[in-house]
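Colleague: Structure supplied as structure-v2.json; contents: JSON, C-alpha atoms.
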```json
[["chain", "number", "residue", "atom", "x", "y", "z"],
["A", 27, "MET", "CA", 12.79, 15.40, -18.97],
["A", 28, "VAL", "CA", 11.25, 15.62, -15.53],
["A", 29, "HIS", "CA", 8.91, 18.54, -15.07],
["A", 30, "LEU", "CA", 8.73, 19.58, -11.44],
["A", 31, "THR", "CA", 7.11, 22.80, -10.30],
["A", 32, "ASP", "CA", 9.19, 25.04, -8.04],
["A", 33, "ALA", "CA", 7.08, 23.86, -5.13],
["A", 34, "GLU", "CA", 7.81, 20.24, -6.00],
["A", 35, "LYS", "CA", 11.54, 20.91, -6.31],
["A", 36, "GLY", "CA", 11.37, 22.53, -2.89],
["A", 37, "LEU", "CA", 9.61, 19.50, -1.44],
["A", 38, "VAL", "CA", 12.05, 17.03, -2.97],
["A", 39, "ASN", "CA", 15.21, 18.87, -1.95],
["A", 40, "GLY", "CA", 13.88, 19.78, 1.46],
["A", 41, "LEU", "CA", 12.92, 16.23, 2.35],
["A", 42, "TRP", "CA", 16.07, 14.72, 0.81],
["A", 43, "GLY", "CA", 18.10, 16.93, 3.13],
["A", 44, "LYS", "CA", 16.41, 15.30, 6.13],
["A", 45, "ILE", "CA", 17.34, 11.71, 5.40],
["A", 46, "ASN", "CA", 20.55, 9.77, 5.90],
["A", 47, "VAL", "CA", 21.21, 8.86, 2.27],
["A", 48, "ASP", "CA", 23.65, 6.04, 3.09],
["A", 49, "GLU", "CA", 21.22, 4.37, 5.49],
["A", 50, "VAL", "CA", 18.19, 4.82, 3.28],
["A", 51, "GLY", "CA", 20.21, 3.36, 0.41],
["A", 52, "GLY", "CA", 20.95, 0.18, 2.33],
["A", 53, "GLU", "CA", 17.39, -0.15, 3.53],
["A", 54, "THR", "CA", 15.95, 0.44, 0.05],
["A", 55, "LEU", "CA", 18.13, -2.15, -1.63],
["A", 56, "GLY", "CA", 17.51, -4.57, 1.23],
["A", 57, "ARG", "CA", 13.75, -4.19, 0.98],
["A", 58, "LEU", "CA", 13.93, -4.64, -2.81],
["A", 59, "LEU", "CA", 15.65, -7.98, -2.30],
["A", 60, "VAL", "CA", 13.20, -9.03, 0.44],
["A", 61, "VAL", "CA", 9.96, -7.92, -1.21],
["A", 62, "TYR", "CA", 10.90, -8.93, -4.79],
["A", 63, "PRO", "CA", 13.22, -11.88, -4.25],
["A", 64, "TRP", "CA", 13.75, -12.47, -7.95],
["A", 65, "THR", "CA", 15.88, -9.29, -7.93],
["A", 66, "GLN", "CA", 18.46, -11.30, -5.97],
["A", 67, "ARG", "CA", 19.46, -12.78, -9.33],
["A", 68, "PHE", "CA", 21.95, -9.92, -9.81],
["A", 69, "PHE", "CA", 23.67, -10.43, -6.49],
["A", 70, "ASP", "CA", 24.96, -14.02, -6.34],
["A", 71, "SER", "CA", 28.26, -12.73, -4.99],
["A", 72, "PHE", "CA", 26.69, -11.00, -2.02],
["A", 73, "GLY", "CA", 26.73, -13.99, 0.34],
["A", 74, "ASN", "CA", 23.90, -14.68, 2.75],
["A", 75, "LEU", "CA", 20.53, -13.56, 1.38],
["A", 76, "SER", "CA", 18.61, -16.44, 2.93],
["A", 77, "SER", "CA", 16.19, -14.48, 5.13],
["A", 78, "ALA", "CA", 14.85, -10.96, 5.54],
["A", 79, "ALA", "CA", 17.10, -10.43, 8.56],
["A", 80, "ALA", "CA", 20.15, -11.77, 6.72],
["A", 81, "ILE", "CA", 19.46, -9.48, 3.76],
["A", 82, "MET", "CA", 18.88, -6.34, 5.83],
["A", 83, "ASP", "CA", 22.06, -6.97, 7.87],
["A", 84, "ASN", "CA", 24.22, -8.00, 4.91],
["A", 85, "PRO", "CA", 27.19, -5.59, 4.67],
["A", 86, "LYS", "CA", 27.45, -5.95, 0.87],
["A", 87, "VAL", "CA", 23.78, -5.06, 0.51],
["A", 88, "LYS", "CA", 24.28, -1.99, 2.70],
["A", 89, "ALA", "CA", 27.41, -0.93, 0.81],
["A", 90, "HIS", "CA", 25.81, -1.36, -2.57],
["A", 91, "GLY", "CA", 22.63, 0.37, -1.47],
["A", 92, "LYS", "CA", 24.71, 3.32, -0.32],
["A", 93, "LYS", "CA", 26.45, 3.46, -3.71],
["A", 94, "VAL", "CA", 23.17, 3.32, -5.61],
["A", 95, "LEU", "CA", 21.48, 6.00, -3.58],
["A", 96, "ASN", "CA", 24.43, 8.37, -3.69],
["A", 97, "SER", "CA", 24.25, 8.09, -7.46],
["A", 98, "PHE", "CA", 20.54, 8.85, -7.29],
["A", 99, "SER", "CA", 21.41, 11.85, -5.11],
["A", 100, "ASP", "CA", 23.62, 13.18, -7.90],
["A", 101, "GLY", "CA", 20.65, 12.87, -10.21],
["A", 102, "LEU", "CA", 18.65, 15.15, -7.94],
["A", 103, "LYS", "CA", 21.16, 17.90, -8.69],
["A", 104, "HIS", "CA", 20.49, 17.55, -12.42],
["A", 105, "LEU", "CA", 16.76, 17.13, -12.75],
["A", 106, "ASP", "CA", 16.86, 19.08, -16.01],
["A", 107, "ASP", "CA", 19.15, 16.57, -17.65],
["A", 108, "LEU", "CA", 18.68, 13.14, -16.14],
["A", 109, "LYS", "CA", 19.31, 11.39, -19.46],
["A", 110, "GLY", "CA", 22.69, 13.08, -19.80],
["A", 111, "THR", "CA", 23.56, 12.53, -16.15],
["A", 112, "PHE", "CA", 22.81, 8.79, -16.28],
["A", 113, "ALA", "CA", 23.94, 8.07, -19.86],
["A", 114, "GLN", "CA", 27.05, 6.13, -18.87],
["A", 115, "LEU", "CA", 25.30, 4.25, -16.09],
["A", 116, "SER", "CA", 22.57, 3.37, -18.56],
["A", 117, "GLU", "CA", 25.09, 1.82, -20.95],
["A", 118, "LEU", "CA", 26.70, -0.05, -18.07],
["A", 119, "HIS", "CA", 23.40, -1.50, -16.87],
["A", 120, "CYS", "CA", 22.54, -2.64, -20.38],
["A", 121, "ASP", "CA", 25.85, -3.83, -21.80],
["A", 122, "LYS", "CA", 27.65, -5.14, -18.74],
["A", 123, "LEU", "CA", 25.11, -5.72, -15.98],
["A", 124, "HIS", "CA", 22.18, -6.84, -18.17],
["A", 125, "VAL", "CA", 19.55, -5.48, -15.79],
["A", 126, "ASP", "CA", 15.92, -5.37, -17.01],
["A", 127, "PRO", "CA", 14.80, -1.72, -16.65],
["A", 128, "GLU", "CA", 11.67, -2.92, -14.86],
["A", 129, "ASN", "CA", 14.01, -3.31, -11.89],
["A", 130, "PHE", "CA", 14.67, 0.45, -11.86],
["A", 131, "ARG", "CA", 10.95, 1.05, -11.50],
["A", 132, "LEU", "CA", 10.71, -1.50, -8.70],
["A", 133, "LEU", "CA", 13.64, 0.10, -6.86],
["A", 134, "GLY", "CA", 12.20, 3.60, -7.33],
["A", 135, "ASN", "CA", 8.91, 2.54, -5.79],
["A", 136, "VAL", "CA", 10.63, 0.80, -2.88],
["A", 137, "LEU", "CA", 12.54, 4.06, -2.30],
["A", 138, "VAL", "CA", 9.21, 5.91, -2.15],
["A", 139, "VAL", "CA", 7.89, 3.42, 0.42],
["A", 140, "VAL", "CA", 11.09, 3.80, 2.50],
["A", 141, "LEU", "CA", 10.81, 7.60, 2.37],
["A", 142, "GLY", "CA", 7.25, 7.28, 3.67],
["A", 143, "HIS", "CA", 8.55, 5.01, 6.40],
["A", 144, "HIS", "CA", 11.23, 7.47, 7.50],
["A", 145, "LEU", "CA", 9.46, 10.77, 6.98],
["A", 146, "ARG", "CA", 6.00, 9.69, 8.24],
["A", 147, "ALA", "CA", 3.38, 12.43, 8.02],
["A", 148, "GLU", "CA", 5.90, 14.78, 6.40],
["A", 149, "PHE", "CA", 5.80, 12.52, 3.35],
["A", 150, "THR", "CA", 2.52, 14.01, 2.24],
["A", 151, "PRO", "CA", 0.64, 12.88, -0.87],
["A", 152, "GLN", "CA", 2.02, 16.00, -2.60],
["A", 153, "ALA", "CA", 5.58, 15.14, -1.60],
["A", 154, "GLN", "CA", 5.08, 11.58, -2.78],
["A", 155, "ALA", "CA", 3.77, 12.79, -6.12],
["A", 156, "ALA", "CA", 6.89, 14.90, -6.62],
["A", 157, "PHE", "CA", 9.10, 11.92, -5.81],
["A", 158, "GLN", "CA", 7.10, 9.65, -8.13],
["A", 159, "LYS", "CA", 8.04, 12.01, -10.97],
["A", 160, "VAL", "CA", 11.70, 11.91, -9.93],
["A", 161, "VAL", "CA", 11.94, 8.11, -9.64],
["A", 162, "ALA", "CA", 10.15, 7.69, -12.96],
["A", 163, "GLY", "CA", 12.56, 10.16, -14.55],
["A", 164, "VAL", "CA", 15.59, 8.37, -13.14],
["A", 165, "ALA", "CA", 14.26, 4.96, -14.22],
["A", 166, "ASN", "CA", 13.62, 6.25, -17.74],
["A", 167, "ALA", "CA", 17.08, 7.87, -17.88],
["A", 168, "LEU", "CA", 18.72, 4.60, -16.83],
["A", 169, "ALA", "CA", 16.77, 2.75, -19.51],
["A", 170, "HIS", "CA", 17.42, 5.35, -22.18],
["A", 171, "LYS", "CA", 20.58, 3.85, -23.69],
["A", 172, "TYR", "CA", 19.29, 0.30, -23.81],
["A", 173, "HIS", "CA", 19.35, -1.43, -27.14],
["B", 6, "MET", "CA", 2.58, -16.09, -6.00],
["B", 7, "VAL", "CA", 0.78, -17.81, -3.16],
["B", 8, "LEU", "CA", 0.33, -16.46, 0.36],
["B", 9, "SER", "CA", 2.22, -18.59, 2.87],
["B", 10, "PRO", "CA", 0.83, -19.12, 6.38],
["B", 11, "ASN", "CA", 3.43, -16.56, 7.50],
["B", 12, "ASP", "CA", 2.19, -14.02, 4.93],
["B", 13, "LYS", "CA", -1.38, -14.52, 6.12],
["B", 14, "ALA", "CA", -0.35, -13.99, 9.73],
["B", 15, "ASN", "CA", 1.60, -10.85, 8.78],
["B", 16, "VAL", "CA", -1.30, -9.34, 6.85],
["B", 17, "LYS", "CA", -3.68, -9.98, 9.74],
["B", 18, "ALA", "CA", -1.18, -8.44, 12.17],
["B", 19, "VAL", "CA", -0.92, -5.28, 10.07],
["B", 20, "TRP", "CA", -4.69, -5.03, 9.84],
["B", 21, "ASP", "CA", -4.93, -5.37, 13.63],
["B", 22, "LYS", "CA", -2.36, -2.62, 14.14],
["B", 23, "ALA", "CA", -4.16, -0.33, 11.72],
["B", 24, "GLY", "CA", -7.38, -0.94, 13.64],
["B", 25, "GLY", "CA", -10.08, 1.67, 13.19],
["B", 26, "ASN", "CA", -7.82, 3.79, 10.99],
["B", 27, "ILE", "CA", -8.16, 1.49, 8.00],
["B", 28, "GLY", "CA", -10.99, 3.54, 6.48],
["B", 29, "ALA", "CA", -8.97, 6.75, 6.67],
["B", 30, "PHE", "CA", -5.94, 4.93, 5.27],
["B", 31, "GLY", "CA", -8.06, 3.93, 2.28],
["B", 32, "GLY", "CA", -8.88, 7.57, 1.63],
["B", 33, "GLU", "CA", -5.27, 8.63, 2.02],
["B", 34, "ALA", "CA", -4.12, 5.90, -0.38],
["B", 35, "LEU", "CA", -6.53, 7.23, -2.98],
["B", 36, "ASP", "CA", -5.29, 10.81, -2.43],
["B", 37, "ARG", "CA", -1.72, 9.54, -2.93],
["B", 38, "MET", "CA", -2.71, 7.59, -6.02],
["B", 39, "PHE", "CA", -4.57, 10.45, -7.73],
["B", 40, "LEU", "CA", -1.68, 12.83, -7.11],
["B", 41, "GLY", "CA", 1.14, 10.40, -7.87],
["B", 42, "PHE", "CA", -0.48, 8.71, -10.87],
["B", 43, "PRO", "CA", -2.80, 11.28, -12.44],
["B", 44, "THR", "CA", -3.99, 8.90, -15.15],
["B", 45, "THR", "CA", -5.95, 7.06, -12.44],
["B", 46, "LYS", "CA", -8.26, 10.07, -12.16],
["B", 47, "THR", "CA", -9.80, 9.20, -15.51],
["B", 48, "TYR", "CA", -11.97, 6.63, -13.74],
["B", 49, "PHE", "CA", -13.41, 9.18, -11.35],
["B", 50, "SER", "CA", -14.56, 12.09, -13.49],
["B", 51, "HIS", "CA", -17.78, 12.09, -11.45],
["B", 52, "PHE", "CA", -15.88, 12.74, -8.20],
["B", 53, "ASP", "CA", -14.69, 15.84, -6.45],
["B", 54, "LEU", "CA", -10.99, 14.94, -6.73],
["B", 55, "THR", "CA", -9.70, 17.61, -4.36],
["B", 56, "PRO", "CA", -7.41, 15.75, -1.93],
["B", 57, "GLY", "CA", -9.38, 14.72, 1.13],
["B", 58, "SER", "CA", -12.78, 15.33, -0.48],
["B", 59, "LYS", "CA", -15.88, 13.59, 0.86],
["B", 60, "ASP", "CA", -16.11, 11.58, -2.37],
["B", 61, "ILE", "CA", -12.55, 10.31, -1.93],
["B", 62, "GLN", "CA", -13.01, 9.57, 1.76],
["B", 63, "ALA", "CA", -16.18, 7.59, 1.07],
["B", 64, "GLN", "CA", -14.51, 5.64, -1.73],
["B", 65, "GLY", "CA", -11.48, 5.04, 0.50],
["B", 66, "LYS", "CA", -13.73, 3.52, 3.13],
["B", 67, "LYS", "CA", -15.31, 1.25, 0.50],
["B", 68, "VAL", "CA", -11.88, 0.08, -0.64],
["B", 69, "ALA", "CA", -10.78, -0.46, 2.97],
["B", 70, "ASP", "CA", -13.91, -2.47, 3.78],
["B", 71, "ALA", "CA", -13.36, -4.69, 0.76],
["B", 72, "LEU", "CA", -9.73, -5.27, 1.79],
["B", 73, "THR", "CA", -10.85, -6.08, 5.34],
["B", 74, "LEU", "CA", -13.24, -8.64, 3.88],
["B", 75, "ALA", "CA", -10.31, -10.08, 1.95],
["B", 76, "VAL", "CA", -8.14, -10.20, 5.10],
["B", 77, "ASN", "CA", -10.89, -12.18, 6.82],
["B", 78, "HIS", "CA", -11.03, -14.68, 3.97],
["B", 79, "LEU", "CA", -7.40, -15.17, 3.02],
["B", 80, "ASP", "CA", -8.04, -18.86, 2.36],
["B", 81, "ASP", "CA", -10.61, -18.11, -0.29],
["B", 82, "LEU", "CA", -10.00, -14.77, -1.97],
["B", 83, "PRO", "CA", -11.73, -15.74, -5.26],
["B", 84, "GLY", "CA", -14.86, -16.73, -3.34],
["B", 85, "ALA", "CA", -14.94, -13.73, -1.03],
["B", 86, "LEU", "CA", -14.23, -11.22, -3.82],
["B", 87, "SER", "CA", -16.32, -12.87, -6.54],
["B", 88, "LYS", "CA", -18.93, -10.10, -6.75],
["B", 89, "LEU", "CA", -16.28, -7.37, -6.79],
["B", 90, "SER", "CA", -14.45, -9.33, -9.45],
["B", 91, "ASP", "CA", -17.61, -9.40, -11.61],
["B", 92, "LEU", "CA", -18.11, -5.68, -11.04],
["B", 93, "HIS", "CA", -14.59, -4.79, -12.15],
["B", 94, "ALA", "CA", -14.72, -7.09, -15.16],
["B", 95, "HIS", "CA", -18.10, -6.22, -16.57],
["B", 96, "LYS", "CA", -18.97, -2.80, -15.33],
["B", 97, "LEU", "CA", -15.95, -0.81, -14.13],
["B", 98, "ARG", "CA", -13.34, -2.30, -16.48],
["B", 99, "VAL", "CA", -10.45, -0.52, -14.80],
["B", 100, "ASP", "CA", -7.27, -1.25, -16.75],
["B", 101, "PRO", "CA", -5.18, -3.79, -14.83],
["B", 102, "VAL", "CA", -2.16, -1.46, -14.60],
["B", 103, "ASN", "CA", -4.07, 0.69, -12.12],
["B", 104, "PHE", "CA", -4.26, -1.98, -9.46],
["B", 105, "LYS", "CA", -0.48, -1.68, -9.11],
["B", 106, "PHE", "CA", -0.77, 2.07, -8.59],
["B", 107, "LEU", "CA", -3.36, 1.64, -5.84],
["B", 108, "SER", "CA", -1.44, -1.22, -4.22],
["B", 109, "HIS", "CA", 1.73, 0.90, -4.15],
["B", 110, "SER", "CA", -0.19, 3.85, -2.70],
["B", 111, "LEU", "CA", -1.62, 1.60, 0.01],
["B", 112, "LEU", "CA", 1.90, 0.41, 0.86],
["B", 113, "VAL", "CA", 3.19, 3.99, 1.15],
["B", 114, "THR", "CA", 0.21, 4.93, 3.33],
["B", 115, "LEU", "CA", 0.79, 2.01, 5.68],
["B", 116, "SER", "CA", 4.57, 2.60, 5.77],
["B", 117, "SER", "CA", 4.10, 6.22, 6.75],
["B", 118, "HIS", "CA", 1.66, 5.39, 9.55],
["B", 119, "LEU", "CA", 2.93, 2.12, 10.98],
["B", 120, "GLY", "CA", 6.56, 3.09, 11.54],
["B", 121, "ASN", "CA", 8.58, 0.28, 13.07],
["B", 122, "ASP", "CA", 5.70, -2.11, 12.65],
["B", 123, "PHE", "CA", 6.20, -1.90, 8.90],
["B", 124, "THR", "CA", 9.08, -4.36, 8.79],
["B", 125, "PRO", "CA", 10.56, -5.65, 5.51],
["B", 126, "SER", "CA", 8.76, -8.98, 6.06],
["B", 127, "PHE", "CA", 5.40, -7.28, 6.62],
["B", 128, "HIS", "CA", 6.10, -5.09, 3.57],
["B", 129, "ALA", "CA", 6.69, -8.23, 1.49],
["B", 130, "SER", "CA", 3.56, -10.01, 2.75],
["B", 131, "LEU", "CA", 1.39, -6.97, 2.15],
["B", 132, "ASP", "CA", 2.74, -6.54, -1.37],
["B", 133, "LYS", "CA", 1.88, -10.17, -2.09],
["B", 134, "PHE", "CA", -1.56, -9.77, -0.56],
["B", 135, "PHE", "CA", -2.39, -6.70, -2.66],
["B", 136, "SER", "CA", -1.05, -8.47, -5.72],
["B", 137, "ASN", "CA", -3.29, -11.46, -5.05],
["B", 138, "VAL", "CA", -6.34, -9.25, -4.53],
["B", 139, "SER", "CA", -5.54, -7.45, -7.79],
["B", 140, "THR", "CA", -5.25, -10.74, -9.63],
["B", 141, "VAL", "CA", -8.64, -11.88, -8.32],
["B", 142, "LEU", "CA", -10.27, -8.57, -9.25],
["B", 143, "THR", "CA", -8.97, -8.78, -12.82],
["B", 144, "SER", "CA", -9.46, -12.54, -13.19],
["B", 145, "LYS", "CA", -12.72, -12.35, -15.14],
["B", 146, "TYR", "CA", -11.61, -9.59, -17.55],
["B", 147, "ARG", "CA", -11.30, -11.95, -20.48]]
```
Would you write the structure of this file as structure tokens?
Modeller:
Amino acid sequence: MVHLTDAEKGLVNGLWGKINVDEVGGETLGRLLVVYPWTQRFFDSFGNLSSAAAIMDNPKVKAHGKKVLNSFSDGLKHLDDLKGTFAQLSELHCDKLHVDPENFRLLGNVLVVVLGHHLRAEFTPQAQAAFQKVVAGVANALAHKYH
Amino acid sequence: MVLSPNDKANVKAVWDKAGGNIGAFGGEALDRMFLGFPTTKTYFSHFDLTPGSKDIQAQGKKVADALTLAVNHLDDLPGALSKLSDLHAHKLRVDPVNFKFLSHSLLVTLSSHLGNDFTPSFHASLDKFFSNVSTVLTSKYR
């Protein structure tokens, strides 16, 4: 379970409302693939990932990033039961997609960096701390059903 | 994971853009780290850990100065950071996991201040640079 104070919940929801989730999703996934190129191993079917520019402009990366972050967005509505919310996705990532949960942590941290990039000074250390709890909670929830 | 000539150029470019703010960025990164990863505070029980405290600002400047030294010696990080490496191995003995927390906090700090200058390529080069520095600082642990 993620334990956020009321102030932290306020910070998280307030700041989330200011971003374009679809765009941030594409940018986050893109940066994951650029900064940690070994994560490209899951995306052989995505076409041109040969340079940072190619990755960031790749329409499949953008589409998938949008999907991923909209799912994350759903999680934000259920911070009291992330494990329940992500149970099926967790099984999928283990049984069908075979994704090492370390990748969820990497993606969560790239999201935090992107939020800092978009929100600038508004992404205070306190706001970041609240989001660190959320991304850790989501990563743990997605890893929960692994066996 | 070795720094390419491009990575080295990117890191230097970021450091140039940060200019005189690097010291303050060091302090902010520590604030972010202590709040985001509270277990890191265990190494600083002798500090005033209120965000923005003089202790944290001074330590942030120390960290920033050491990183600047590293940026100026990208071709020989083990040599340039040898004394700091000894310090961390024999005296400070900070668990290696914490270098990732500080590196991440430095990335967030830079991303929030550098705006468009913080491109995905710069982000990648910086991450590699911090990872290399961390490896050097933990290289003599055992």
Colleague: What are the nearest atom pairs, with distances in Å to one decimal, for all residues of chain B that come at most 9 Å from chain A, using all atoms listed in the file, set out by chain and rising residue number as a Markdown table?
Modeller:
```
| residue | atom | partner | partner_atom | distance |
| --- | --- | --- | --- | --- |
| B:Glu33 | CA | A:Pro151 | CA | 7.8 |
| B:Ala34 | CA | A:Pro151 | CA | 8.5 |
| B:Asp36 | CA | A:Pro151 | CA | 6.5 |
| B:Arg37 | CA | A:Pro151 | CA | 4.6 |
| B:Met38 | CA | A:Pro151 | CA | 8.1 |
| B:Phe39 | CA | A:Ala155 | CA | 8.8 |
| B:Leu40 | CA | A:Ala155 | CA | 5.5 |
| B:Gly41 | CA | A:Ala155 | CA | 4.0 |
| B:Phe42 | CA | A:Ala155 | CA | 7.6 |
| B:Pro56 | CA | A:Pro151 | CA | 8.6 |
| B:His109 | CA | A:Asn135 | CA | 7.5 |
| B:Ser110 | CA | A:Val139 | CA | 8.7 |
| B:Leu112 | CA | A:Val139 | CA | 6.7 |
| B:Val113 | CA | A:Val139 | CA | 4.8 |
| B:Thr114 | CA | A:Gly142 | CA | 7.4 |
| B:Leu115 | CA | A:His143 | CA | 8.4 |
| B:Ser116 | CA | A:His143 | CA | 4.7 |
| B:Ser117 | CA | A:Arg146 | CA | 4.2 |
| B:His118 | CA | A:Arg146 | CA | 6.2 |
| B:Leu119 | CA | A:His143 | CA | 7.8 |
| B:Gly120 | CA | A:His143 | CA | 5.8 |
| B:Asn121 | CA | A:His143 | CA | 8.2 |
| B:Phe123 | CA | A:His143 | CA | 7.7 |
| B:Pro125 | CA | A:Arg57 | CA | 5.7 |
| B:Ser126 | CA | A:Ala78 | CA | 6.4 |
| B:His128 | CA | A:Val61 | CA | 6.8 |
| B:Ala129 | CA | A:Val61 | CA | 4.3 |
| B:Ser130 | CA | A:Val61 | CA | 7.8 |
| B:Asp132 | CA | A:Val61 | CA | 7.4 |
| B:Lys133 | CA | A:Val61 | CA | 8.4 |
```
Colleague: Rounded to one decimal place, report the CA of Ala94 (chain B)-CA of Phe135 (chain B) distance in Å.
Modeller: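 Straight-line distance from CA of Ala94 (chain B) to CA of Phe135 (chain B) works out to 17.6 Å.
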Colleague: Can you pull out the residues contacting Lys109 (chain A)? Cut-off 12 Å, using only C-alpha atoms, and skip same-chain residues under 2 positions away; I want them as a list in words.
Modeller: Met27, Val28, Gly101, His104, Leu105, Asp106, Asp107, Thr111, Phe112, Ala113, Gln114, Leu115, Ser116, Glu117, Ala162, Gly163, Val164, Ala165, Asn166, Ala167, Leu168, Ala169, His170, Lys171 and Tyr172 of chain A
Colleague: Kindly indicate which residue among B:Asp21, B:Asp60, B:Asp53, B:Asp80 lies nearest to Ser9 (chain B), using only C-alpha atoms for the distances.
Modeller: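 Nearest candidate to Ser9 (chain B) out of B:Asp21, B:Asp60, B:Asp53, B:Asp80: B:Asp80.
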Colleague: Quick one: residues within 8 Å of Ser139 (chain B), only C-alpha atoms, excluding same-chain residues fewer than 4 positions away - as number ranges by chain?
Modeller: B: 101, 104-105, 135, 143
Colleague: Would you mind reading off the distance between CA of Leu86 (chain B) and CA of Leu131 (chain B), one decimal, in Å?
Modeller: 17.3 Å
Colleague: Which residues are close to Thr140 (chain B), i.e. within 10 Å by all atoms listed in the file, leaving aside same-chain residues fewer than 2 positions away? Reply as an NGL selection string.
Modeller: :B and (82-83 or 90 or 101 or 104 or 134-138 or 142-145)
Colleague: Would you export the selected residues with C-alpha atoms as a PDB file, keeping the file's coordinate frame, please?
Modeller:
```
ATOM      1  CA  LEU B  82     -10.000 -14.770  -1.970  1.00  0.00           C
ATOM      2  CA  PRO B  83     -11.730 -15.740  -5.260  1.00  0.00           C
ATOM      3  CA  SER B  90     -14.450  -9.330  -9.450  1.00  0.00           C
ATOM      4  CA  PRO B 101      -5.180  -3.790 -14.830  1.00  0.00           C
ATOM      5  CA  PHE B 104      -4.260  -1.980  -9.460  1.00  0.00           C
ATOM      6  CA  PHE B 134      -1.560  -9.770  -0.560  1.00  0.00           C
ATOM      7  CA  PHE B 135      -2.390  -6.700  -2.660  1.00  0.00           C
ATOM      8  CA  SER B 136      -1.050  -8.470  -5.720  1.00  0.00           C
ATOM      9  CA  ASN B 137      -3.290 -11.460  -5.050  1.00  0.00           C
ATOM     10  CA  VAL B 138      -6.340  -9.250  -4.530  1.00  0.00           C
ATOM     11  CA  LEU B 142     -10.270  -8.570  -9.250  1.00  0.00           C
ATOM     12  CA  THR B 143      -8.970  -8.780 -12.820  1.00  0.00           C
ATOM     13  CA  SER B 144      -9.460 -12.540 -13.190  1.00  0.00           C
ATOM     14  CA  LYS B 145     -12.720 -12.350 -15.140  1.00  0.00           C
TER      15      LYS B 145
END
```
Colleague: How many Å separate CA of Lys67 (chain B) from CA of Ala85 (chain B)?
Modeller: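 That distance, rounded to one decimal, is 15.1 Å.
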Colleague: Find the residues near Gly31 (chain B): any atom within 6 Å, counting only C-alpha atoms, skip ones fewer than 3 places away on the same chain, and give them as a list of chain:residue names.
Modeller: B:Gly28, B:Ala34, B:Gly65, B:Lys66, B:Ala69
Colleague: May I have the residues from that selection written out with C-alpha atoms, as a PDB file, in the frame of the given file?
Modeller:
```pdb
ATOM      1  CA  GLY B  28     -10.990   3.540   6.480  1.00  0.00           C
ATOM      2  CA  ALA B  34      -4.120   5.900  -0.380  1.00  0.00           C
ATOM      3  CA  GLY B  65     -11.480   5.040   0.500  1.00  0.00           C
ATOM      4  CA  LYS B  66     -13.730   3.520   3.130  1.00  0.00           C
ATOM      5  CA  ALA B  69     -10.780  -0.460   2.970  1.00  0.00           C
TER       6      ALA B  69
END
```
Colleague: Which centre and which edge lengths, in Å to one decimal, describe the axis-aligned box that holds all listed atoms of region 106-125 of chain B after 4 Å is added on each side, as AutoDock Vina command-line options?
Modeller:
```
--center_x 3.6 --center_y 0.3 --center_z 2.2 --size_x 21.9 --size_y 19.9 --size_z 29.7
```
Colleague: Nearest to Gln62 (chain B) among B:Leu107, B:Asp12, B:Gly32, B:Val7, with distances taken over all atoms listed in the file: which residue is it?
Modeller: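 The closest residue to Gln62 (chain B) is B:Gly32.
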